[in-house]
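The file my_file.tsv comes next; it holds TSV, C-alpha atoms and all ligand atoms.
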```tsv
chain	number	residue	atom	x	y	z
A	378	MET	CA	0.00	0.00	0.00
A	379	SER	CA	1.48	3.40	-0.91
A	380	VAL	CA	0.98	6.34	1.42
A	381	GLN	CA	0.70	9.78	-0.21
A	382	PRO	CA	2.24	12.82	1.48
A	383	ALA	CA	-0.43	14.95	3.17
A	384	ALA	CA	-0.02	17.85	0.71
A	385	GLN	CA	-0.53	15.52	-2.25
A	386	ARG	CA	-3.49	13.83	-0.57
A	387	ARG	CA	-5.07	17.24	-0.09
A	388	GLN	CA	-4.66	17.97	-3.82
A	389	THR	CA	-6.12	14.68	-5.07
A	390	ARG	CA	-9.00	14.35	-2.55
A	391	ARG	CA	-12.26	15.12	-4.39
A	392	ARG	CA	-14.18	18.11	-3.08
A	393	PRO	CA	-17.65	17.02	-1.97
A	394	GLU	CA	-20.21	18.16	-4.55
A	395	GLY	CA	-21.15	21.78	-4.03
A	396	ALA	CA	-19.21	22.20	-0.81
A	397	GLY	CA	-18.23	25.83	-0.51
A	398	ALA	CA	-21.35	27.38	-2.13
A	399	VAL	CA	-21.67	30.82	-0.58
A	400	VAL	CA	-25.01	31.86	0.91
A	401	ARG	CA	-25.49	35.46	2.01
A	402	VAL	CA	-28.09	36.07	4.70
A	403	TRP	CA	-29.35	39.50	5.73
A	404	VAL	CA	-31.43	40.21	8.83
A	405	VAL	CA	-33.52	43.35	9.33
A	406	ARG	CA	-35.23	44.16	12.62
A	407	GLU	CA	-37.95	46.72	13.20
A	408	ASP	CA	-36.41	47.60	16.56
A	409	ALA	CA	-33.07	48.40	14.87
A	410	GLY	CA	-34.58	51.47	13.22
A	411	VAL	CA	-35.51	50.37	9.68
A	412	THR	CA	-38.81	52.11	8.92
A	413	ALA	CA	-41.53	51.35	6.38
A	414	ALA	CA	-41.09	54.89	5.04
A	415	ASP	CA	-37.35	54.27	4.32
A	416	ALA	CA	-38.22	51.02	2.58
A	417	GLN	CA	-40.95	52.50	0.41
A	418	ALA	CA	-38.40	54.42	-1.67
A	419	TRP	CA	-37.40	51.07	-3.20
A	420	LEU	CA	-40.90	49.91	-4.15
A	421	SER	CA	-42.74	49.94	-7.45
A	422	PRO	CA	-45.75	52.32	-7.64
A	423	GLN	CA	-48.15	49.34	-7.28
A	424	GLU	CA	-46.34	48.07	-4.19
A	425	ARG	CA	-46.26	51.55	-2.68
A	426	SER	CA	-50.01	51.91	-3.02
A	427	ARG	CA	-50.54	48.39	-1.64
A	428	ALA	CA	-48.34	49.25	1.35
A	429	GLU	CA	-50.28	52.47	1.96
A	430	GLY	CA	-53.53	50.48	1.92
A	431	LEU	CA	-52.45	48.18	4.73
A	432	ALA	CA	-54.21	49.24	7.91
A	433	ALA	CA	-52.00	47.54	10.51
A	434	LYS	CA	-48.62	49.21	11.11
A	435	GLU	CA	-46.82	45.87	11.46
A	436	ASP	CA	-48.25	44.58	8.17
A	437	ARG	CA	-47.14	47.79	6.43
A	438	TRP	CA	-43.64	47.41	7.86
A	439	THR	CA	-43.35	43.75	6.93
A	440	PHE	CA	-44.67	44.17	3.39
A	441	SER	CA	-42.61	47.31	2.65
A	442	VAL	CA	-39.33	46.06	4.09
A	443	SER	CA	-39.60	42.56	2.61
A	444	ARG	CA	-40.32	43.86	-0.89
A	445	ALA	CA	-37.67	46.60	-0.55
A	446	LEU	CA	-35.02	44.04	0.44
A	447	GLN	CA	-35.92	41.83	-2.52
A	448	ARG	CA	-35.76	44.80	-4.88
A	449	THR	CA	-32.43	45.94	-3.42
A	450	LEU	CA	-30.99	42.47	-3.92
A	451	GLY	CA	-32.20	42.39	-7.53
A	452	ALA	CA	-30.96	45.93	-8.15
A	453	ARG	CA	-27.48	45.19	-6.79
A	454	TYR	CA	-27.22	41.96	-8.78
A	455	LEU	CA	-28.65	43.24	-12.07
A	456	GLY	CA	-27.32	46.82	-11.87
A	457	VAL	CA	-30.74	48.43	-12.45
A	458	PRO	CA	-32.84	50.75	-10.23
A	459	GLY	CA	-34.84	48.90	-7.55
A	460	ASP	CA	-38.25	49.89	-8.85
A	461	GLN	CA	-37.35	48.41	-12.25
A	462	VAL	CA	-36.52	44.95	-10.93
A	463	GLU	CA	-39.07	42.38	-12.11
A	464	ILE	CA	-40.06	39.87	-9.42
A	465	SER	CA	-42.05	36.84	-10.58
A	466	ARG	CA	-44.20	34.73	-8.25
A	467	ALA	CA	-45.24	32.23	-10.91
A	468	CYS	CA	-45.55	28.73	-9.47
A	469	ALA	CA	-43.13	26.09	-10.80
A	470	HIS	CA	-45.46	23.28	-9.74
A	471	CYS	CA	-48.88	24.25	-11.09
A	472	PRO	CA	-50.38	26.57	-13.71
A	473	HIS	CA	-51.79	28.99	-11.13
A	474	GLY	CA	-49.70	32.10	-10.55
A	475	GLY	CA	-49.07	34.27	-7.53
A	476	HIS	CA	-48.13	31.71	-4.88
A	477	GLY	CA	-44.77	30.50	-6.24
A	478	LYS	CA	-41.28	31.08	-4.92
A	479	PRO	CA	-40.31	34.67	-5.77
A	480	HIS	CA	-37.49	35.02	-8.29
A	481	PHE	CA	-35.97	37.47	-10.74
A	482	PRO	CA	-36.64	36.28	-14.33
A	483	ALA	CA	-33.65	38.39	-15.47
A	484	ALA	CA	-31.32	36.58	-13.02
A	485	PRO	CA	-31.93	32.83	-13.34
A	486	GLY	CA	-28.57	32.07	-11.67
A	487	LEU	CA	-29.52	33.82	-8.42
A	488	ASP	CA	-31.80	32.01	-5.99
A	489	TYR	CA	-33.28	33.70	-2.93
A	490	SER	CA	-35.78	33.18	-0.16
A	491	VAL	CA	-37.43	35.42	2.42
A	492	SER	CA	-39.05	34.94	5.81
A	493	HIS	CA	-40.77	37.32	8.21
A	494	THR	CA	-41.76	36.91	11.82
A	495	GLN	CA	-42.77	39.53	14.39
A	496	GLY	CA	-40.68	42.51	13.30
A	497	VAL	CA	-37.79	40.48	11.87
A	498	ILE	CA	-37.12	39.77	8.19
A	499	VAL	CA	-34.52	37.30	6.97
A	500	LEU	CA	-33.38	37.17	3.34
A	501	ALA	CA	-31.02	34.47	2.00
A	502	ALA	CA	-29.48	34.48	-1.48
A	503	SER	CA	-26.92	32.47	-3.42
A	504	THR	CA	-25.60	31.92	-6.91
A	505	GLY	CA	-24.12	28.54	-5.88
A	506	THR	CA	-27.13	26.69	-4.49
A	507	ARG	CA	-30.90	26.82	-4.29
A	508	VAL	CA	-31.99	28.22	-0.94
A	509	GLY	CA	-34.97	28.27	1.39
A	510	VAL	CA	-35.02	30.24	4.63
A	511	ASP	CA	-37.44	30.40	7.51
A	512	ALA	CA	-37.56	32.17	10.87
A	513	GLU	CA	-39.96	31.40	13.70
A	514	SER	CA	-40.39	33.54	16.79
A	515	GLY	CA	-39.98	32.06	20.20
A	516	SER	CA	-42.29	34.58	21.83
A	517	ARG	CA	-45.56	33.16	20.47
A	518	ALA	CA	-47.91	31.64	23.01
A	519	ILE	CA	-47.63	28.07	21.80
A	520	ASP	CA	-48.82	24.79	23.19
A	521	PRO	CA	-45.74	22.56	22.80
A	522	ALA	CA	-47.69	19.28	22.91
A	523	GLY	CA	-50.17	20.51	20.27
A	524	LEU	CA	-47.37	21.85	18.09
A	525	MET	CA	-45.55	18.54	18.32
A	526	ARG	CA	-48.67	16.65	17.12
A	527	LEU	CA	-49.10	19.07	14.21
A	528	LEU	CA	-45.49	19.26	13.20
A	529	ALA	CA	-43.31	16.34	14.18
A	530	SER	CA	-42.80	13.21	12.09
A	531	GLU	CA	-42.78	9.83	13.82
A	532	PRO	CA	-38.95	9.69	14.19
A	533	GLU	CA	-38.87	13.29	15.45
A	534	ARG	CA	-41.62	12.57	17.97
A	535	ARG	CA	-39.69	9.58	19.26
A	536	ALA	CA	-36.49	11.63	19.63
A	537	LEU	CA	-38.27	14.55	21.31
A	538	SER	CA	-40.13	12.29	23.71
A	539	PHE	CA	-36.84	11.45	25.42
A	540	ALA	CA	-36.78	15.03	26.71
A	541	PRO	CA	-38.59	15.58	30.05
A	542	GLU	CA	-41.01	18.03	28.35
A	543	PRO	CA	-41.22	19.31	24.74
A	544	ASP	CA	-38.65	22.07	24.40
A	545	GLU	CA	-40.21	25.10	22.69
A	546	ARG	CA	-37.00	26.17	20.91
A	547	ALA	CA	-36.44	22.60	19.65
A	548	LEU	CA	-39.97	22.56	18.18
A	549	LEU	CA	-39.48	26.00	16.61
A	550	ARG	CA	-36.26	24.74	15.09
A	551	LEU	CA	-38.08	21.78	13.49
A	552	TRP	CA	-40.72	24.16	12.22
A	553	ALA	CA	-38.17	26.58	10.74
A	554	ARG	CA	-36.24	23.72	9.11
A	555	LYS	CA	-39.42	22.27	7.55
A	556	GLU	CA	-40.58	25.60	6.18
A	557	ALA	CA	-37.09	26.32	4.86
A	558	VAL	CA	-37.24	23.04	2.90
A	559	VAL	CA	-40.67	23.67	1.34
A	560	LYS	CA	-39.59	27.23	0.53
A	561	LEU	CA	-36.46	26.00	-1.24
A	562	THR	CA	-38.53	23.79	-3.51
A	563	GLY	CA	-41.41	26.29	-3.81
A	564	HIS	CA	-44.00	23.64	-2.89
A	565	GLY	CA	-45.08	25.50	0.24
A	566	LEU	CA	-47.24	24.05	2.99
A	567	PRO	CA	-50.20	22.66	1.02
A	568	ARG	CA	-48.18	20.08	-0.92
A	569	VAL	CA	-46.00	18.64	1.86
A	570	PRO	CA	-47.49	17.24	5.08
A	571	PHE	CA	-45.08	18.28	7.81
A	572	THR	CA	-45.58	15.02	9.72
A	573	ALA	CA	-44.15	13.16	6.69
A	574	LEU	CA	-41.06	15.40	6.53
A	575	SER	CA	-38.17	14.69	8.93
A	576	VAL	CA	-35.57	17.39	9.48
A	577	ASP	CA	-33.91	16.22	12.69
A	578	GLY	CA	-30.69	15.28	10.85
A	579	PRO	CA	-28.37	17.13	8.46
A	580	VAL	CA	-30.58	16.33	5.43
A	581	ALA	CA	-34.35	16.38	4.98
A	582	ARG	CA	-36.22	13.06	4.55
A	583	LEU	CA	-39.70	13.00	3.01
A	584	ASP	CA	-42.11	10.06	2.63
A	585	ALA	CA	-43.78	10.08	-0.81
A	586	PRO	CA	-42.32	13.30	-2.30
A	587	PRO	CA	-44.70	15.25	-4.58
A	588	ALA	CA	-44.03	15.90	-8.28
A	589	GLY	CA	-41.21	18.34	-8.81
A	590	TRP	CA	-39.36	17.39	-5.60
A	591	PRO	CA	-35.56	17.53	-6.10
A	592	HIS	CA	-33.80	14.19	-6.63
A	593	GLY	CA	-30.74	15.03	-4.55
A	594	ALA	CA	-30.44	15.68	-0.82
A	595	LEU	CA	-31.63	18.91	0.78
A	596	HIS	CA	-29.17	20.05	3.44
A	597	LEU	CA	-30.07	21.88	6.63
A	598	THR	CA	-28.17	24.61	8.45
A	599	ASP	CA	-29.36	26.40	11.60
A	600	LEU	CA	-28.72	30.12	11.33
A	601	PRO	CA	-26.93	31.77	14.25
A	602	LEU	CA	-29.05	34.89	14.77
A	603	THR	CA	-27.77	37.11	17.57
A	604	ARG	CA	-31.21	37.30	19.23
A	605	GLY	CA	-34.90	36.64	18.68
A	606	PRO	CA	-36.29	34.02	16.35
A	607	VAL	CA	-35.01	30.58	15.52
A	608	ALA	CA	-33.96	30.49	11.86
A	609	ALA	CA	-32.96	27.75	9.44
A	610	LEU	CA	-31.59	27.50	5.93
A	611	ALA	CA	-32.12	24.69	3.41
A	612	THR	CA	-29.72	24.29	0.48
A	613	HIS	CA	-29.34	21.73	-2.27
A	614	ARG	CA	-25.56	21.95	-1.89
A	615	GLN	CA	-23.95	20.57	1.21
A	616	ARG	CA	-21.93	22.53	3.73
A	617	PRO	CA	-22.58	26.03	2.36
A	618	LYS	CA	-20.43	28.91	3.53
A	619	VAL	CA	-22.99	31.14	5.23
A	620	THR	CA	-22.50	34.78	6.21
A	621	VAL	CA	-25.15	36.57	8.28
A	622	THR	CA	-25.29	40.39	8.18
A	623	GLU	CA	-27.60	42.52	10.32
A	624	LEU	CA	-28.76	45.63	8.42
A	625	THR	CA	-29.90	48.90	9.93
A	626	ARG	CA	-30.81	50.36	6.50
A	627	VAL	CA	-32.19	48.57	3.43
A	628	ALA	CA	-29.71	50.53	1.30
A	629	ASP	CA	-26.80	48.87	3.14
A	630	LEU	CA	-27.48	45.52	1.43
A	631	THR	CA	-24.44	44.99	-0.80
A	632	LEU	CA	-23.21	41.91	-2.65
B	1	LIG	C1	-44.34	29.54	1.38
B	1	LIG	C2	-45.02	29.54	2.72
B	1	LIG	C3	-44.65	28.26	3.46
B	1	LIG	C4	-44.51	30.75	3.55
B	1	LIG	O1	-45.20	30.80	4.75
B	1	LIG	P1	-45.36	32.14	5.59
B	1	LIG	O2	-46.05	31.80	6.84
B	1	LIG	O3	-45.91	33.22	4.75
B	1	LIG	O4	-43.87	32.35	5.97
B	1	LIG	P2	-42.77	33.46	5.88
B	1	LIG	O5	-43.15	34.76	6.47
B	1	LIG	O6	-41.59	32.80	6.46
B	1	LIG	O7	-42.47	33.65	4.32
B	1	LIG	C5	-43.09	34.61	3.53
B	1	LIG	C6	-42.32	34.66	2.24
B	1	LIG	O8	-42.35	33.37	1.63
B	1	LIG	C7	-42.09	33.57	0.24
B	1	LIG	N1	-42.93	32.66	-0.49
B	1	LIG	C8	-44.24	32.76	-0.79
B	1	LIG	N2	-44.64	31.67	-1.49
B	1	LIG	C9	-43.56	30.88	-1.63
B	1	LIG	C10	-43.32	29.62	-2.26
B	1	LIG	N3	-44.28	28.93	-2.88
B	1	LIG	N4	-42.08	29.10	-2.17
B	1	LIG	C11	-41.08	29.75	-1.57
B	1	LIG	N5	-41.24	30.95	-0.94
B	1	LIG	C12	-42.47	31.50	-0.99
B	1	LIG	C13	-42.35	35.03	-0.07
B	1	LIG	O9	-41.11	35.66	-0.34
B	1	LIG	C14	-42.92	35.57	1.21
B	1	LIG	O10	-42.51	36.89	1.50
B	1	LIG	P3	-43.02	38.15	0.62
B	1	LIG	O11	-44.47	37.93	0.34
B	1	LIG	O12	-42.74	39.32	1.51
B	1	LIG	O13	-42.18	38.12	-0.62
B	1	LIG	C15	-46.56	29.67	2.61
B	1	LIG	O14	-46.87	30.98	2.19
B	1	LIG	C16	-47.18	28.69	1.64
B	1	LIG	O15	-47.23	27.51	1.88
B	1	LIG	N6	-47.70	29.22	0.57
B	1	LIG	C17	-48.50	28.44	-0.39
B	1	LIG	C18	-47.68	28.01	-1.58
B	1	LIG	C19	-48.58	27.21	-2.48
B	1	LIG	O16	-49.73	27.49	-2.64
B	1	LIG	N7	-48.03	26.17	-3.06
B	1	LIG	C20	-48.78	25.33	-3.93
B	1	LIG	C21	-47.88	24.83	-5.00
B	1	LIG	S1	-48.86	24.09	-6.27
```
So that I can check it, write out the structure of this file as structure tokens.
Amino acid sequence: MSVQPAAQRRQTRRRPEGAGAVVRVWVVREDAGVTAADAQAWLSPQERSRAEGLAAKEDRWTFSVSRALQRTLGARYLGVPGDQVEISRACAHCPHGGHGKPHFPAAPGLDYSVSHTQGVIVLAASTGTRVGVDAESGSRAIDPAGLMRLLASEPERRALSFAPEPDERALLRLWARKEAVVKLTGHGLPRVPFTALSVDGPVARLDAPPAGWPHGALHLTDLPLTRGPVAALATHRQRPKVTVTELTRVADLTL
């Protein structure tokens, strides 16, 4: 048996497929000073009038900041003004429009995903992997046992039942991971029963995947937010290099 020197071994060892895909994640918090008014400068005229029509302040903030972040991302990537970025929500899995994963038709190589929860918006984007992101707030009044019944697959229920009582953060983490997966694929909640989807390991496992489900593995990464919600990222490439940036102005999003 011949033994290669370490340096040579490093050169000839195959890189795992997709390892090293970079995923950028941006977090915006209402309590960090980003206002709906700041965000509205980035919106299209239709979005601006929709935002103005929203009665609840928190809905106006969420809508305006989420759309402004998406437009800023598109503008930075495509080099066009934010209000000229076209965002499509056509569904990849059925002929009905409007409920699909948002994407920029002019930038097919850039995949992104957005999540909002109680004054926090998380945006993930990559040119090296498909992405899905989800954030779930720990401050909701939830019934852990009820959530476990609704959410957990059989193997997850077995693993969680070893704990003395269902841990709220652990359940939120499962929830965030599951939503991240169905947001990566664009299927959303109606097409994937959460109790058939297991996300307690490094890759998602789904009984009876629906049409259009990716053939390869979907990898899971928990996002280290400094405070607040539990957040998770799904990627179709393994071991992505993830950077998380907290923004205090939408305009500070740079690539
Ligand atoms: C996608 C979904 C799980 C998000 O749930 P939610 O409670 O709104 O969660 P979040 O706040 O974390 O995410 C909202 C963001 O999800 C994104 N989103 C919406 N539909 C999506 C889809 N199908 N796939 C991926 N992301 C989607 C949007 O960017 C949205 O933010 P925006 O409206 O500000 O752009 C949920 O909206 C859903 O299941 N939608 C139905 C999709 C559907 O009908 N699929 C049928 C396919 S035939």
Practice task
Identify the residues around (-41.9, 23.6, -5.2) within a radius of 10 Å, measuring from only C-alpha atoms in the coordinates stated by the file, and give them as a PyMOL selection string.
Solution key: chain A and resi 468-471+477-478+558-566+568-569+587-591
Practice task
Do a neighbour search on Arg425 (chain A) at 12 Å with all atoms listed in the file, toss out local chain neighbours closer than 6 positions, and write the hits as a PyMOL selection string.
Solution key: chain A and resi 413-419+431+437-438+440-442+444-445+460
Just want the 8 Å neighbourhood of Trp403 (chain A), counted on all atoms listed in the file, with same-chain residues fewer than 6 positions away dropped. Output as a PDB file with C-alpha atoms, in the coordinates of the input.
```
ATOM      1  CA  VAL A 499     -34.520  37.300   6.970  1.00  0.00           C
ATOM      2  CA  LEU A 500     -33.380  37.170   3.340  1.00  0.00           C
ATOM      3  CA  ALA A 501     -31.020  34.470   2.000  1.00  0.00           C
ATOM      4  CA  VAL A 621     -25.150  36.570   8.280  1.00  0.00           C
ATOM      5  CA  THR A 622     -25.290  40.390   8.180  1.00  0.00           C
ATOM      6  CA  GLU A 623     -27.600  42.520  10.320  1.00  0.00           C
ATOM      7  CA  LEU A 624     -28.760  45.630   8.420  1.00  0.00           C
ATOM      8  CA  LEU A 630     -27.480  45.520   1.430  1.00  0.00           C
TER       9      LEU A 630
END
```
Handout entry: Two-atom distance - CA of Ser514 (chain A), CA of Gln495 (chain A) (Å)
Key = 6.9 Å
Practice task
Quick one: pull the distance between atom C21 of ligand LIG 1 (chain B) and CA of Leu527 (chain A), Å, one decimal.
Solution key: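 Pair atom C21 of ligand LIG 1 (chain B) / CA of Leu527 (chain A) returns 20.1 Å.
For the atom pair formed by CA of Asp520 (chain A) and atom C2 of ligand LIG 1 (chain B), the distance is 21.4 Å, given to one decimal.
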Exercise for the section: Write out as a list of chain:residue names which residues come within 12 Å of Gln461 (chain A) when counting only C-alpha atoms, dropping same-chain ones fewer than 2 positions away. Expected result: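 Near neighbours after the sequence-gap exclusion: A:Trp419, A:Leu420, A:Ser421, A:Pro422, A:Gln423, A:Ala445, A:Gln447, A:Arg448, A:Thr449, A:Gly451, A:Ala452, A:Arg453, A:Leu455, A:Gly456, A:Val457, A:Pro458, A:Gly459, A:Glu463, A:Ile464, A:Phe481, A:Ala483.
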Atoms to include: C-alpha atoms. Write the selected residues as a CSV table (one decimal), in the coordinates of the input.
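Wrote it out as part-v8.csv, contents follow:
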```csv
chain,number,residue,atom,x,y,z
A,419,TRP,CA,-37.4,51.1,-3.2
A,420,LEU,CA,-40.9,49.9,-4.2
A,421,SER,CA,-42.7,49.9,-7.4
A,422,PRO,CA,-45.8,52.3,-7.6
A,423,GLN,CA,-48.2,49.3,-7.3
A,445,ALA,CA,-37.7,46.6,-0.6
A,447,GLN,CA,-35.9,41.8,-2.5
A,448,ARG,CA,-35.8,44.8,-4.9
A,449,THR,CA,-32.4,45.9,-3.4
A,451,GLY,CA,-32.2,42.4,-7.5
A,452,ALA,CA,-31.0,45.9,-8.2
A,453,ARG,CA,-27.5,45.2,-6.8
A,455,LEU,CA,-28.6,43.2,-12.1
A,456,GLY,CA,-27.3,46.8,-11.9
A,457,VAL,CA,-30.7,48.4,-12.4
A,458,PRO,CA,-32.8,50.8,-10.2
A,459,GLY,CA,-34.8,48.9,-7.6
A,463,GLU,CA,-39.1,42.4,-12.1
A,464,ILE,CA,-40.1,39.9,-9.4
A,481,PHE,CA,-36.0,37.5,-10.7
A,483,ALA,CA,-33.6,38.4,-15.5
```
Handout entry: Among the residues A:Gly505, A:Pro601, A:Pro606, A:Pro532, the one that comes closest to ligand LIG 1 (chain B) [using all atoms listed in the file]
Key =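 Residue with the minimum atom-to-atom distance to ligand LIG 1 (chain B): A:Pro606.
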Practice task
Mind checking which residues fall within 9 Å of Thr625 (chain A), counting only C-alpha atoms, ignoring those fewer than 3 positions away in the same chain, and posting them as a list in words?
Solution key: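 Neighbouring residues, sequence-local ones excluded: Val404, Val405, Arg406, Glu407, Ala409, Gly410, Val411, Ala628 and Asp629 of chain A.
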For C-alpha atoms, I'd like the residues from the last selection saved as a PDB file, keeping the file's coordinate frame.
```
ATOM      1  CA  VAL A 404     -31.430  40.210   8.830  1.00  0.00           C
ATOM      2  CA  VAL A 405     -33.520  43.350   9.330  1.00  0.00           C
ATOM      3  CA  ARG A 406     -35.230  44.160  12.620  1.00  0.00           C
ATOM      4  CA  GLU A 407     -37.950  46.720  13.200  1.00  0.00           C
ATOM      5  CA  ALA A 409     -33.070  48.400  14.870  1.00  0.00           C
ATOM      6  CA  GLY A 410     -34.580  51.470  13.220  1.00  0.00           C
ATOM      7  CA  VAL A 411     -35.510  50.370   9.680  1.00  0.00           C
ATOM      8  CA  ALA A 628     -29.710  50.530   1.300  1.00  0.00           C
ATOM      9  CA  ASP A 629     -26.800  48.870   3.140  1.00  0.00           C
TER      10      ASP A 629
END
```
Exercise for the section: Can you work out which one of A:Gly605, A:Gly397, A:Gly430, A:Gly475 has the shortest atom-to-atom distance to ligand LIG 1 (chain B), counting only C-alpha atoms and all ligand atoms? Expected result: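 The answer is A:Gly475, which sits nearest to ligand LIG 1 (chain B).
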Handout entry: Which of A:His476, A:Pro570, A:Val607, A:Pro521 sits closest to ligand LIG 1 (chain B) [using all atoms listed in the file]
Key = A:His476
Exercise for the section: Choose the residue, out of A:Ala573, A:Val497, A:Ala611, A:Ala502, that has the smallest atom-to-atom separation from Leu450 (chain A); count all atoms listed in the file. Expected result: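 Counting all atoms listed in the file, the residue closest to Leu450 (chain A) is A:Ala502.
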Problem - Pick from A:Val619, A:Leu487, A:Val627, A:Leu597, whichever lies nearest to Arg401 (chain A) using all atoms listed in the file - result: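 The closest residue to Arg401 (chain A) is A:Val619.
Shortest atom-to-atom contact with ligand LIG 1 (chain B) among A:Ala553, A:Ile519, A:Ala432, A:Ala547: A:Ala553, counting only C-alpha atoms and all ligand atoms.
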